[in-house]
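Reproduced below: final.txt, with compact mmCIF, C-alpha atoms.
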```txt
# COMPACT_ATOMS: atom_id res chain seq x y z
CA ILE A 1 -7.19 24.27 -7.40
CA ASN A 2 -6.23 27.05 -9.84
CA TYR A 3 -2.52 26.43 -9.47
CA ILE A 4 -0.88 27.15 -12.82
CA ALA A 5 2.33 25.37 -13.70
CA GLU A 6 4.25 25.01 -16.94
CA TYR A 7 6.97 22.45 -17.43
CA ARG A 8 9.55 23.01 -20.17
CA GLY A 9 12.40 20.72 -21.04
CA ALA A 10 15.61 22.11 -22.53
CA ALA A 11 18.60 20.51 -24.19
CA SER A 12 20.75 21.63 -21.26
CA GLY A 13 18.86 19.26 -18.99
CA ARG A 14 17.20 22.13 -17.14
CA LEU A 15 13.64 21.70 -15.92
CA ILE A 16 11.70 24.90 -15.31
CA LEU A 17 8.52 25.28 -13.29
CA SER A 18 7.04 28.76 -13.68
CA THR A 19 4.07 30.34 -11.95
CA PRO A 20 2.81 33.56 -13.57
CA GLY A 21 1.78 36.35 -11.24
CA THR A 22 1.43 35.68 -7.55
CA GLN A 23 0.56 32.07 -6.89
CA GLU A 24 0.42 29.82 -3.85
CA ILE A 25 3.11 27.22 -4.52
CA GLY A 26 3.07 25.36 -1.24
CA PHE A 27 6.11 27.05 0.28
CA GLY A 28 4.53 30.51 0.66
CA GLN A 29 3.78 33.30 -1.76
CA ALA A 30 5.91 33.82 -4.85
CA SER A 31 5.66 36.81 -7.19
CA GLU A 32 6.67 36.15 -10.81
CA THR A 33 8.75 33.29 -9.47
CA THR A 34 10.64 30.86 -11.62
CA LEU A 35 11.83 27.63 -10.04
CA GLN A 36 14.64 25.96 -11.91
CA GLU A 37 16.20 22.62 -11.22
CA THR A 38 19.47 21.87 -12.98
CA ILE A 39 21.27 18.58 -12.61
CA GLN A 40 25.02 19.09 -12.65
CA GLY A 41 26.72 15.79 -12.01
CA LYS A 42 24.89 14.42 -8.99
CA LYS A 43 24.13 17.76 -7.36
CA LEU A 44 20.66 19.26 -7.68
CA PHE A 45 20.41 23.05 -7.56
CA PHE A 46 17.14 24.82 -6.85
CA PHE A 47 16.65 28.44 -7.90
CA VAL A 48 14.08 31.07 -6.92
CA ASP A 49 14.34 34.39 -8.77
CA ASP A 50 17.77 33.27 -10.03
CA ASN A 51 19.06 32.77 -6.50
CA ILE A 52 20.15 29.36 -5.23
CA VAL A 53 18.00 28.58 -2.20
CA ALA A 54 19.10 24.98 -1.69
CA ASP A 55 21.55 22.49 -3.11
CA ARG A 56 19.96 19.52 -1.36
CA PRO A 57 18.10 16.87 -3.38
CA GLY A 58 15.44 16.77 -0.67
CA PHE A 59 14.34 20.31 -1.48
CA GLY A 60 13.72 19.42 -5.11
CA GLU A 61 11.84 16.31 -4.02
CA SER A 62 9.63 18.47 -1.80
CA ALA A 63 8.83 20.69 -4.77
CA ASN A 64 7.97 17.57 -6.76
CA VAL A 65 5.48 16.52 -4.06
CA VAL A 66 3.76 19.91 -4.32
CA ALA A 67 3.52 19.76 -8.12
CA SER A 68 2.77 16.05 -8.54
CA ARG A 69 -0.39 16.06 -6.43
CA GLN A 70 -2.01 18.81 -8.51
CA LEU A 71 -3.74 16.57 -11.07
CA GLN A 72 -5.23 14.38 -8.34
CA VAL A 73 -6.53 17.41 -6.44
CA GLU A 74 -8.08 19.08 -9.49
CA MET A 75 -9.83 15.96 -10.77
CA GLY A 76 -10.60 14.65 -7.30
CA ALA A 77 -12.23 17.93 -6.26
CA THR A 78 -14.28 18.11 -9.46
CA TRP A 79 -15.67 14.61 -9.10
CA THR A 80 -16.16 14.93 -5.35
CA LEU A 81 -18.35 17.98 -5.95
CA THR A 82 -20.30 16.03 -8.57
CA GLU A 83 -20.82 12.98 -6.35
CA LEU A 84 -21.80 15.13 -3.36
CA ALA A 85 -24.58 16.53 -5.55
CA ARG A 86 -25.55 13.02 -6.68
CA GLN A 87 -25.25 11.09 -3.43
CA LYS A 88 -27.50 13.08 -1.11
CA ASN A 89 -27.72 10.42 1.62
CA TYR A 90 -23.97 9.97 1.90
CA ALA A 91 -23.42 13.73 1.62
CA ALA A 92 -25.72 14.20 4.62
CA GLU A 93 -23.62 11.75 6.65
CA VAL A 94 -20.44 13.63 5.79
CA LEU A 95 -22.02 16.99 6.62
CA GLN A 96 -23.18 15.72 10.02
CA GLU A 97 -19.65 14.52 10.77
CA LEU A 98 -18.19 17.92 9.88
CA GLN A 99 -20.81 19.84 11.86
CA GLU A 100 -20.06 17.79 14.98
CA LEU A 101 -16.30 18.17 14.58
CA PHE A 102 -16.30 21.89 13.84
CA LYS A 103 -19.19 23.02 16.03
CA ASP A 104 -18.93 26.29 17.90
CA GLY A 105 -16.58 27.65 15.25
CA ALA A 106 -13.73 25.21 15.88
CA PRO A 107 -10.92 25.85 13.38
CA ILE A 108 -9.85 23.45 10.65
CA THR A 109 -6.46 22.11 11.71
CA PHE A 110 -4.09 19.39 10.60
CA GLU A 111 -5.17 17.30 13.57
CA SER A 112 -8.89 17.75 12.88
CA LEU A 113 -8.46 16.77 9.22
CA ARG A 114 -7.26 13.39 10.45
CA GLU A 115 -10.52 12.87 12.36
CA ILE A 116 -13.06 12.88 9.52
CA PRO A 117 -13.27 9.24 8.35
CA LYS A 118 -16.64 9.61 6.58
CA LEU A 119 -15.35 12.40 4.36
CA GLU A 120 -12.16 10.45 3.71
CA ARG A 121 -14.06 7.30 2.73
CA PHE A 122 -16.34 9.38 0.49
CA ILE A 123 -13.30 10.83 -1.33
CA GLU A 124 -11.68 7.40 -1.57
CA GLU A 125 -14.81 6.03 -3.26
CA VAL A 126 -14.79 9.00 -5.64
CA LEU A 127 -11.18 8.19 -6.58
CA ARG A 128 -12.11 4.53 -7.07
CA ILE A 129 -14.88 5.28 -9.54
CA HIS A 130 -13.14 8.27 -11.14
CA PRO A 131 -9.38 7.62 -10.86
CA PRO A 132 -7.31 10.67 -11.89
CA LEU A 133 -4.86 8.41 -13.71
CA ILE A 134 -6.64 5.77 -15.78
CA LEU A 135 -3.45 4.07 -17.01
CA LEU A 136 -0.12 3.36 -15.32
CA MET A 137 2.88 2.34 -17.41
CA ARG A 138 6.13 0.70 -16.32
CA ARG A 139 9.22 -0.30 -18.30
CA VAL A 140 10.40 -3.85 -17.54
CA ILE A 141 14.09 -3.77 -16.54
CA GLU A 142 14.69 -7.52 -16.41
CA ASP A 143 12.97 -10.66 -17.71
CA ILE A 144 10.00 -11.73 -15.60
CA ASP A 145 8.23 -15.10 -15.67
CA TYR A 146 4.63 -14.49 -14.67
CA ASN A 147 2.63 -17.74 -14.41
CA GLY A 148 4.51 -19.22 -17.34
CA THR A 149 4.39 -16.08 -19.49
CA LEU A 150 7.67 -14.33 -20.24
CA ILE A 151 7.64 -10.55 -19.92
CA ALA A 152 10.90 -9.55 -21.56
CA ALA A 153 13.17 -6.74 -20.39
CA GLY A 154 12.59 -3.55 -22.36
CA LYS A 155 8.87 -4.14 -22.76
CA THR A 156 6.31 -1.69 -21.40
CA VAL A 157 3.57 -2.98 -19.12
CA ALA A 158 0.34 -0.98 -18.87
CA ILE A 159 -1.96 -1.26 -15.85
CA SER A 160 -5.55 -0.07 -16.11
CA THR A 161 -6.46 1.77 -12.93
CA TYR A 162 -10.01 2.20 -14.18
CA GLY A 163 -10.28 -1.55 -14.83
CA SER A 164 -8.63 -2.57 -11.55
CA HIS A 165 -11.14 -0.48 -9.61
CA ARG A 166 -13.95 -2.42 -11.28
CA ASN A 167 -12.60 -5.88 -10.56
CA THR A 168 -15.62 -7.70 -9.10
CA ASP A 169 -13.33 -9.98 -7.05
CA TYR A 170 -12.55 -6.97 -4.86
CA PHE A 171 -15.39 -4.52 -5.61
CA PRO A 172 -18.78 -6.26 -5.93
CA ASP A 173 -21.25 -4.24 -7.98
CA PRO A 174 -18.38 -1.91 -8.91
CA GLU A 175 -20.44 0.82 -10.60
CA ARG A 176 -22.43 1.42 -7.43
CA PHE A 177 -21.18 4.34 -5.34
CA ASP A 178 -20.73 3.03 -1.80
CA PRO A 179 -18.26 4.65 0.62
CA HIS A 180 -19.17 1.95 3.17
CA ARG A 181 -17.85 -0.90 1.04
CA PRO A 182 -15.01 -2.88 2.72
CA LYS A 183 -11.49 -2.07 1.67
CA PRO A 184 -9.87 -4.81 -0.47
CA ASP A 185 -7.46 -7.18 1.24
CA THR A 186 -4.70 -6.50 -1.29
CA LEU A 187 -2.70 -3.30 -1.71
CA PHE A 188 -2.84 -3.30 -5.50
CA ALA A 189 -6.61 -3.53 -6.04
CA TYR A 190 -7.10 0.14 -5.16
CA ILE A 191 -4.44 2.24 -6.90
CA PRO A 192 -5.68 5.79 -7.67
CA PHE A 193 -2.17 7.05 -6.88
CA GLY A 194 -0.32 4.05 -8.27
CA GLY A 195 1.53 1.63 -6.02
CA GLY A 196 4.87 0.21 -5.02
CA PRO A 197 8.10 2.24 -4.87
CA HIS A 198 6.88 4.57 -7.66
CA LYS A 199 3.58 5.44 -6.01
CA CYS A 200 2.74 9.12 -6.36
CA ALA A 201 4.86 11.00 -3.81
CA GLY A 202 2.12 13.56 -3.26
CA ASN A 203 -0.77 11.18 -2.50
CA ALA A 204 -1.04 11.96 1.24
CA PHE A 205 -0.70 15.68 0.52
CA ALA A 206 -3.43 15.45 -2.14
CA MET A 207 -5.84 13.64 0.19
CA MET A 208 -5.22 16.15 2.98
CA GLN A 209 -5.84 19.04 0.60
CA LEU A 210 -9.09 17.50 -0.67
CA LYS A 211 -10.31 17.02 2.89
CA ALA A 212 -9.42 20.62 3.75
CA ILE A 213 -11.34 21.93 0.72
CA PHE A 214 -14.56 20.12 1.59
CA ALA A 215 -14.27 20.59 5.33
CA ALA A 216 -14.44 24.31 4.52
CA LEU A 217 -17.11 24.16 1.79
CA LEU A 218 -19.66 21.59 2.93
CA PRO A 219 -20.85 23.32 6.12
CA ARG A 220 -21.45 26.49 4.09
CA TYR A 221 -22.82 25.32 0.74
CA GLU A 222 -25.13 22.72 -0.74
CA PHE A 223 -24.26 21.48 -4.22
CA GLU A 224 -26.69 20.75 -7.05
CA LEU A 225 -26.11 19.40 -10.56
CA VAL A 226 -26.69 21.97 -13.29
CA ASP A 227 -27.02 19.50 -16.17
CA PRO A 228 -28.77 16.10 -16.32
CA ASP A 229 -27.06 13.46 -14.17
CA GLU A 230 -26.21 11.18 -17.09
CA THR A 231 -24.18 13.90 -18.80
CA TYR A 232 -21.48 13.76 -16.10
CA GLN A 233 -19.12 11.07 -17.35
CA ASP A 234 -15.39 10.35 -17.36
CA ASP A 235 -13.71 11.64 -20.51
CA PHE A 236 -11.04 9.24 -21.82
CA SER A 237 -10.40 11.05 -25.08
```
Let me see the structure of the file written as structure tokens.
Amino acid sequence: INYIAEYRGAASGRLILSTPGTQEIGFGQASETTLQETIQGKKLFFFVDDNIVADRPGFGESANVVASRQLQVEMGATWTLTELARQKNYAAEVLQELQELFKDGAPITFESLREIPKLERFIEEVLRIHPPLILLMRRVIEDIDYNGTLIAAGKTVAISTYGSHRNTDYFPDPERFDPHRPKPDTLFAYIPFGGGPHKCAGNAFAMMQLKAIFAALLPRYEFELVDPDETYQDDFS
């Protein structure tokens, strides 16, 4: 969760991702490592400690997956902790699921993380009520006629994730926390990671990381709110 990344744009078209000190970057340990991606024509070069480690676009895309999921993990973990402290009944269900799956000291594995539906549904409900991205924006590339309304090319369309997740057509009583609520029958009602071809590339990675965090923490710790419940609110400033 404490991954530190700094993006800097330069006139040369170089994008630099730096991690001070020794940080876990998803590909192993890196000490004072600087990752640089430079577009030269159509070839993407990837540098570690000033050495080219790959000239394949796929390697840069993999690095993007690691970096792009960070916001979702940080905010998702924060609000999941908060809701676990609030929703004691649902938290007990999740804990029972984890205790049964990891009894007798069974290790947390990739396969086991795919077998915890109650924890996954709990996290999904957290991301519905507290989406990490509250606004998605898209530039219109060609004229669109939507139910008689012209959306001209060059315009920017904004989609409210926060509002979509409170659409009563798909989420009755939307402010109520309920991980048992049925999933909507349309793909674009629930969009914490966006949707379509530009959906966040790191969404599956982020969900797996969130499940790993709480599969490790919940059997060991019980969470309590420090401040009054009503003081925990989304900050849109």
| request: Pick out the closest residue to Ala215 of chain A from this set: A:Gly194, A:Pro107, A:Gly202, A:Gly76. Count all atoms listed in the file. | output: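 Counting all atoms listed in the file, the residue closest to Ala215 of chain A is A:Pro107.
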| query | Counting all atoms listed in the file, which residues come within 12 Å of (11.4, -2.0, -17.2), with the point read in the file's coordinates, and could you list them as a ChimeraX atom specification? | reply | /A:137-144,151-158
| message | Restricting the calculation to only C-alpha atoms: of A:Pro132, A:Phe122, A:Leu127, A:Gly148, which residue gets closest to Asn89 of chain A? | response |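 Smallest distance to Asn89 of chain A is found for A:Phe122.
Between atom CA of Pro174 of chain A and atom CA of Glu124 of chain A the separation is 13.6 Å.
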| So which one's closest to Asp185 of chain A, A:Phe236, A:His198, A:Asp169, A:Arg114? Using all atoms listed in the file, please. |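 That would be A:Asp169, the residue with the smallest distance to Asp185 of chain A.
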| field | Which residue of A:Ile129, A:Phe102, A:Ile134, A:Lys88 approaches Ser237 of chain A most closely, using only C-alpha atoms | value |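 Checking each of A:Ile129, A:Phe102, A:Ile134, A:Lys88 against Ser237 of chain A, counting only C-alpha atoms, the winner is A:Ile134.
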| Among the residues A:Gln99, A:Thr78, A:Gln209, A:Asn167, the one that comes closest to Tyr232 of chain A [using only C-alpha atoms] |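 Of all the options, A:Thr78 lies closest to Tyr232 of chain A.
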| request: Could you check which of A:Ile123, A:Ala77, A:Met208, A:Leu150 is closest to Tyr90 of chain A, using only C-alpha atoms? | output: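 Using only C-alpha atoms, the shortest distance to Tyr90 of chain A belongs to A:Ile123.
As for atom CA of Pro182 of chain A and atom CA of Thr80 of chain A, they are spaced 19.6 Å apart.
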| message | So the first atom is atom CA of Gln72 of chain A and the second is atom CA of Arg121 of chain A; what is the distance between them in Å, to one decimal place? | response | 15.8 Å
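A cut-off of 9 Å from the point (-13.4, 19.0, 9.7), with only C-alpha atoms, picks out the residues Glu97, Leu98, Gln99, Glu100, Leu101, Phe102, Ala106, Pro107, Ile108, Thr109, Ser112, Leu113, Arg114, Glu115, Ile116, Leu119, Lys211, Ala212, Phe214, Ala215 and Ala216 of chain A.
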